[in-house]
There are 2 protein chains.
Amino acid sequence: MEANYTVSIVDKKKSRLKRGILKEMYRLGSRTLAQLAKALHASVPSVTMLIDELATEHWVQEIGTGAAQYGRKPALFGLRPGNQAIVVVDISVHDVKLVVFDLTNRVLNRLDVNLRLEDSVAFLESLKGPLEEISHRIQEHNLNIIGVGCALPGLVDPRTGINYTYKKLNRPEQSLQQLLAHYFDSPVYLINDTKATILGEHRFGLAKGKNHVLSINIDWGVGLGVINNGEILQGLAGFAGELGHIQLQADGELCSCGKVGCLDTLTSASSLVRRVKAGLREGRVSKLAEENFEDIDVELVIDKAKAGDELAIDLLNEVGGELGKGLSIAVHLFNPELIIVNGVVAKAERLITRPIEQAIDKYCLADFRNKLVITVSRLGEMAKLYGTQAYVVQSLLEHEEIP
Amino acid sequence: MEANYTVSIVDKKKSRLKRGILKEMYRLGSRTLAQLAKALHASVPSVTMLIDELATEHWVQEIGTGAAQYGRKPALFGLRPGNQAIVVVDISVHDVKLVVFDLTNRVLNRLDVNLRLEDSVAFLESLKGPLEEISHRIQEHNLNIIGVGCALPGLVDPRTGINYTYKKLNRPEQSLQQLLAHYFDSPVYLINDTKATILGEHRFGLAKGKNHVLSINIDWGVGLGVINNGEILQGLAGFAGELGHIQLQADGELCSCGKVGCLDTLTSASSLVRRVKAGLREGRVSKLAEENFEDIDVELVIDKAKAGDELAIDLLNEVGGELGKGLSIAVHLFNPELIIVNGVVAKAERLITRPIEQAIDKYCLADFRNKLVITVSRLGEMAKLYGTQAYVVQSLLEHEEIP
DNA sequence: TGATATTTTTAAAATAATTTATTAATAGAA
DNA sequence: TTCTATTAATAAATTATTTTAAAAATATCA
């Protein structure tokens, strides 16, 4: 064994317990000393001492007193708002969002940028202005950044930060990860956008407390997020959950990935619009025929469907049916208790979930669908932001030492 | 907080540490005090004391001395062979095996029974004789049974022990689980056979040390086992990994599950035999034509294929191709680093793995197959037995208190 | 309104664990 | 062979943590 400990066992244990307290509070909000003691397998006096230390270090504070059916009411402790902050960078093919959160999910600052993700060095260059701006604001408000998270599409390896889909973001001279580390001088964590979304749903949305959940994101493509045993399914290199490129039609359309008949080509938001336009060209009756052909987009199609337009409803049915067929494979493989639908198409609500349900009824064995619930996200676009932040907090508390 | 602890915190910690030591030894074999101290985040004197206690309780013993490049050689401690025993009951559609293991994977006793699983009360009745026999042997050899594991096909909920496929095994008056508990007077754990197999591969086979692995069992049907992050993927009710009943052909054959075009109908061992017989009826040239038509089974087909028979090779190619197509979906969803092929068809070795590889190359995105290895199991039928035992040991050390 | 039962919190005592120091064992060098 | 450097195991000293006990707080009941 080593001649001398660089960090003593006692110190390590203390650090683990402290991080355990912070984890509990981040996940469950305000906690009593007794609750923490039970969760951490420690005694109340020990926890009291640790809480005192965390309080003097400005991590936690007393929030108030909790309920008790009898006897003395316990003091509640929770994370101190506004003190430690996380920068969340949400990069999508539509735009970029820069959001500063504290550990209680409060938005301390936010900057939305009209910048489309492309696989180019120019994109990274365009990002510098907004990064400059938000880091300026951070200085101005004297915020203490402890970590940075970035959600983005593509095959992202969370261990290395390499994006295998958008390869230009990995240049060794200046990668996206390095860029973010430079501006915020903090640990940077990259995560695939769909995985961030389901993590958000699991920690703060409809999936809270559920251990086996799927989340499907219908946008430009189709993204699947999986919660297994309460944790994101990543696979070896973070690629797990790639449902968009499984083949559903052997003689189908050519996909951007180079293969044929991928789910993506059949059920994405863009596929829905394409179907609508094709239907109109064929002369099908629809209120959408009154619109300027070029202006027809997903939102419009969904609006008309909600207003009762037959063509729009039919095509949502079609898309939902195909999607449900693909999802039923995922149901057989993951045996979830809940499926959450998100992305632009989620706004169609029951008009999209119902055909999905029907397809799952058709293609899944009964035991798999008996207790299965399908629902539309309530967090919407916030799920991804919360999830990215949760991922950073989780990673920090897992791997890094806190001061 | 509770007025008085029924079990003190100190005792709980001690129990956790002791179980931690046993876990380490079960997984990694003999260990030094320093290794254990590091793994358990405890000091060497503490571990020394715990090891002393476990030794007097007959759980562990000194095995010998380990290597050291310099200095004093460390003492090695390991699980004491022959003392604690696990009963493994392996139920398949072919036969039933009853095996008694100690914690070092030594077979202390074994009884193979020619008994076919069917969904009937009669099956449970037929099981009583062999159970009587093996429990008699256990008494005779004075073995100390600490747990029972049972691997069997079907949708098995490990939390409740209910088998949703073979429903007659769940009768509340006398379920399979109750029967086993009665004969061995120990905790009983049921697990799906394919999940047991991959657990065996992960703990003691080619998947050891790999965190993301698929195992495919080609037998009567096709079973998929998944290791994610080093643990079996179970899903909500233990049904996860059901690859056999995803639809590959919309206009395919009717499956036993009531659906159409399931993978099971295309790629199982029985499907291979059916294809061979159909080929022979069509008059295709093959050494197999010399055989008695009724005697043609999987083993024979594989033997002939290995001897170069064209028909057999072609059809193995066909089956492997279909299987690879189905597996490529699983590869996209789980992003594994290794796929292990097991079951009767695995004996065909490269004749089955090669077409699988080809299909995966065709249907998977490059990033998913770059580091992916496909191989045939080396443990063979032992994987399932080891895995079942590992599942029992793991469950006992996780949930139960040890004396 | 006061007493009682219940629960939380703090303080003191008892116990348990780590740390430091010492002794034991071993490979390689002189 | 003896010495030295290195690692392991044990013993003693020190520090942490739990346990027990006592005090503080509060809802219910008489």
# chains A, B, ... in the order shown; residues from 1 in each chain; ligands from 1
$ closest_atom_pairs --of "chain C" --to "chain A" --cutoff "8 Å" --atoms "only C-alpha atoms (C1' of nucleotides)" --output "tab-separated table"
residue	atom	partner	partner_atom	distance
C:DT6	C1'	A:Gly71	CA	4.5
C:DT7	C1'	A:Gly71	CA	4.2
C:DT8	C1'	A:Arg72	CA	5.5
C:DT18	C1'	A:Val10	CA	7.2
$ write_last_selection --atoms "C-alpha atoms (C1' of nucleotides)" --output "PDB file, in the first residue's frame"
ATOM      1  C1'  DT C   6     -43.689  12.699  20.299  1.00  0.00           C
ATOM      2  C1'  DT C   7     -40.022  14.396  17.571  1.00  0.00           C
ATOM      3  C1'  DT C   8     -35.920  17.257  16.764  1.00  0.00           C
ATOM      4  C1'  DT C  18      -8.029   6.086  11.116  1.00  0.00           C
TER       5       DT C  18
END
$ select_by_dssp --residues "range 34-174 of chain A" --states "alpha helix (DSSP H)" --output "PyMOL selection string"
chain A and resi 34-40+44-56+121-140
$ residues_around --residues "Leu243 in chain A" --least-positions-apart "5" --cutoff "9 Å" --atoms "only C-alpha atoms (C1' of nucleotides)" --output "ChimeraX atom specification"
/A:222-224,262-264,326-327,330 /B:329,332-333
$ residues_around --residues "Gly78 in chain B" --least-positions-apart "4" --cutoff "12 Å" --atoms "only C-alpha atoms (C1' of nucleotides)" --output "ChimeraX atom specification"
/B:21-33,36,51,54-55,58-66,103-104
$ atom_distance --atom1 "CA of Leu379 in chain B" --atom2 "CA of Ser268 in chain B"
20.5 Å
$ residues_around --residues "range 82-93 of chain A" --least-positions-apart "3" --cutoff "6 Å" --atoms "only C-alpha atoms (C1' of nucleotides)" --output "list in words"
Val96, Lys97, Leu98, Val99, Val100, Phe101, Asp102, Arg116, Leu117, Asn144, Ile145, Ile146, Gly147, Val148, Gly149, Cys150, Ala151 and Leu152 of chain A
$ interface_residues --of "chain B" --to "chain A" --cutoff "6 Å" --atoms "only C-alpha atoms" --output "PyMOL selection string"
chain B and resi 1+34+212+235-236+239-242+246+329+332-336
$ interface_residues --of "chain D" --to "chain A" --cutoff "7 Å" --atoms "only C-alpha atoms (C1' of nucleotides)" --output "list in words"
DT18, DA25, DT26 and DA27 of chain D
$ write_last_selection --atoms "N, CA and C atoms (P, O5', C5', C4', C3', O3' and C1' of nucleotides)" --output "short mmCIF file (atom, residue, chain, number, x, y, z; two decimals), in the first residue's frame"
data_model
loop_
_atom_site.label_atom_id
_atom_site.label_comp_id
_atom_site.auth_asym_id
_atom_site.auth_seq_id
_atom_site.Cartn_x
_atom_site.Cartn_y
_atom_site.Cartn_z
P DT D 18 -21.46 8.26 12.00
"O5'" DT D 18 -21.84 7.48 13.32
"C5'" DT D 18 -21.35 6.16 13.51
"C4'" DT D 18 -21.57 5.73 14.95
"C3'" DT D 18 -23.04 5.68 15.35
"O3'" DT D 18 -23.27 4.37 15.89
"C1'" DT D 18 -21.79 6.94 16.94
P DA D 25 -36.65 26.00 22.01
"O5'" DA D 25 -37.77 25.19 21.21
"C5'" DA D 25 -37.41 24.57 19.98
"C4'" DA D 25 -38.55 23.71 19.51
"C3'" DA D 25 -39.91 24.41 19.47
"O3'" DA D 25 -40.45 24.21 18.18
"C1'" DA D 25 -40.08 22.32 20.54
P DT D 26 -41.60 25.11 17.58
"O5'" DT D 26 -42.85 24.13 17.64
"C5'" DT D 26 -42.84 22.97 16.82
"C4'" DT D 26 -43.92 22.02 17.27
"C3'" DT D 26 -45.31 22.64 17.46
"O3'" DT D 26 -46.24 21.87 16.75
"C1'" DT D 26 -44.79 21.24 19.23
P DA D 27 -47.37 22.53 15.87
"O5'" DA D 27 -48.48 21.38 15.86
"C5'" DA D 27 -48.17 20.13 15.25
"C4'" DA D 27 -48.85 19.01 16.00
"C3'" DA D 27 -50.36 19.18 16.15
"O3'" DA D 27 -50.99 17.96 15.80
"C1'" DA D 27 -49.36 18.83 18.28
#
$ select_by_dssp --residues "range 7-219 of chain B" --states "strand (DSSP E or B)" --output "PyMOL selection string"
chain B and resi 31-32+60-65+75-79+84-91+96-102+107-113+144-152+156+163+188-192+212-218
$ residues_around --residues "Ile302 in chain B" --least-positions-apart "2" --cutoff "9 Å" --atoms "only C-alpha atoms (C1' of nucleotides)" --output "list in words"
Asp297, Val298, Glu299, Leu300, Lys304, Ala305, Lys306, Ala307, Ala312, Ile313, Leu316, Val345, Lys347, Ala348 and Leu351 of chain B
$ closest_residue --among "C:DA11, C:DA5, C:DA17, C:DA30" --to "DT28 in chain D" --atoms "only C-alpha atoms (C1' of nucleotides)"
C:DA5
$ atom_distance --atom1 "CA of Trp220 in chain B" --atom2 "CA of Val273 in chain B"
10.6 Å
$ residues_around --residues "Asn163 in chain B" --least-positions-apart "5" --cutoff "10 Å" --atoms "only C-alpha atoms (C1' of nucleotides)" --output "number ranges by chain"
B: 152-158, 168-170, 175-176, 190-192
$ atom_distance --atom1 "C1' of DA14 in chain C" --atom2 "CA of Leu76 in chain A"
29.6 Å
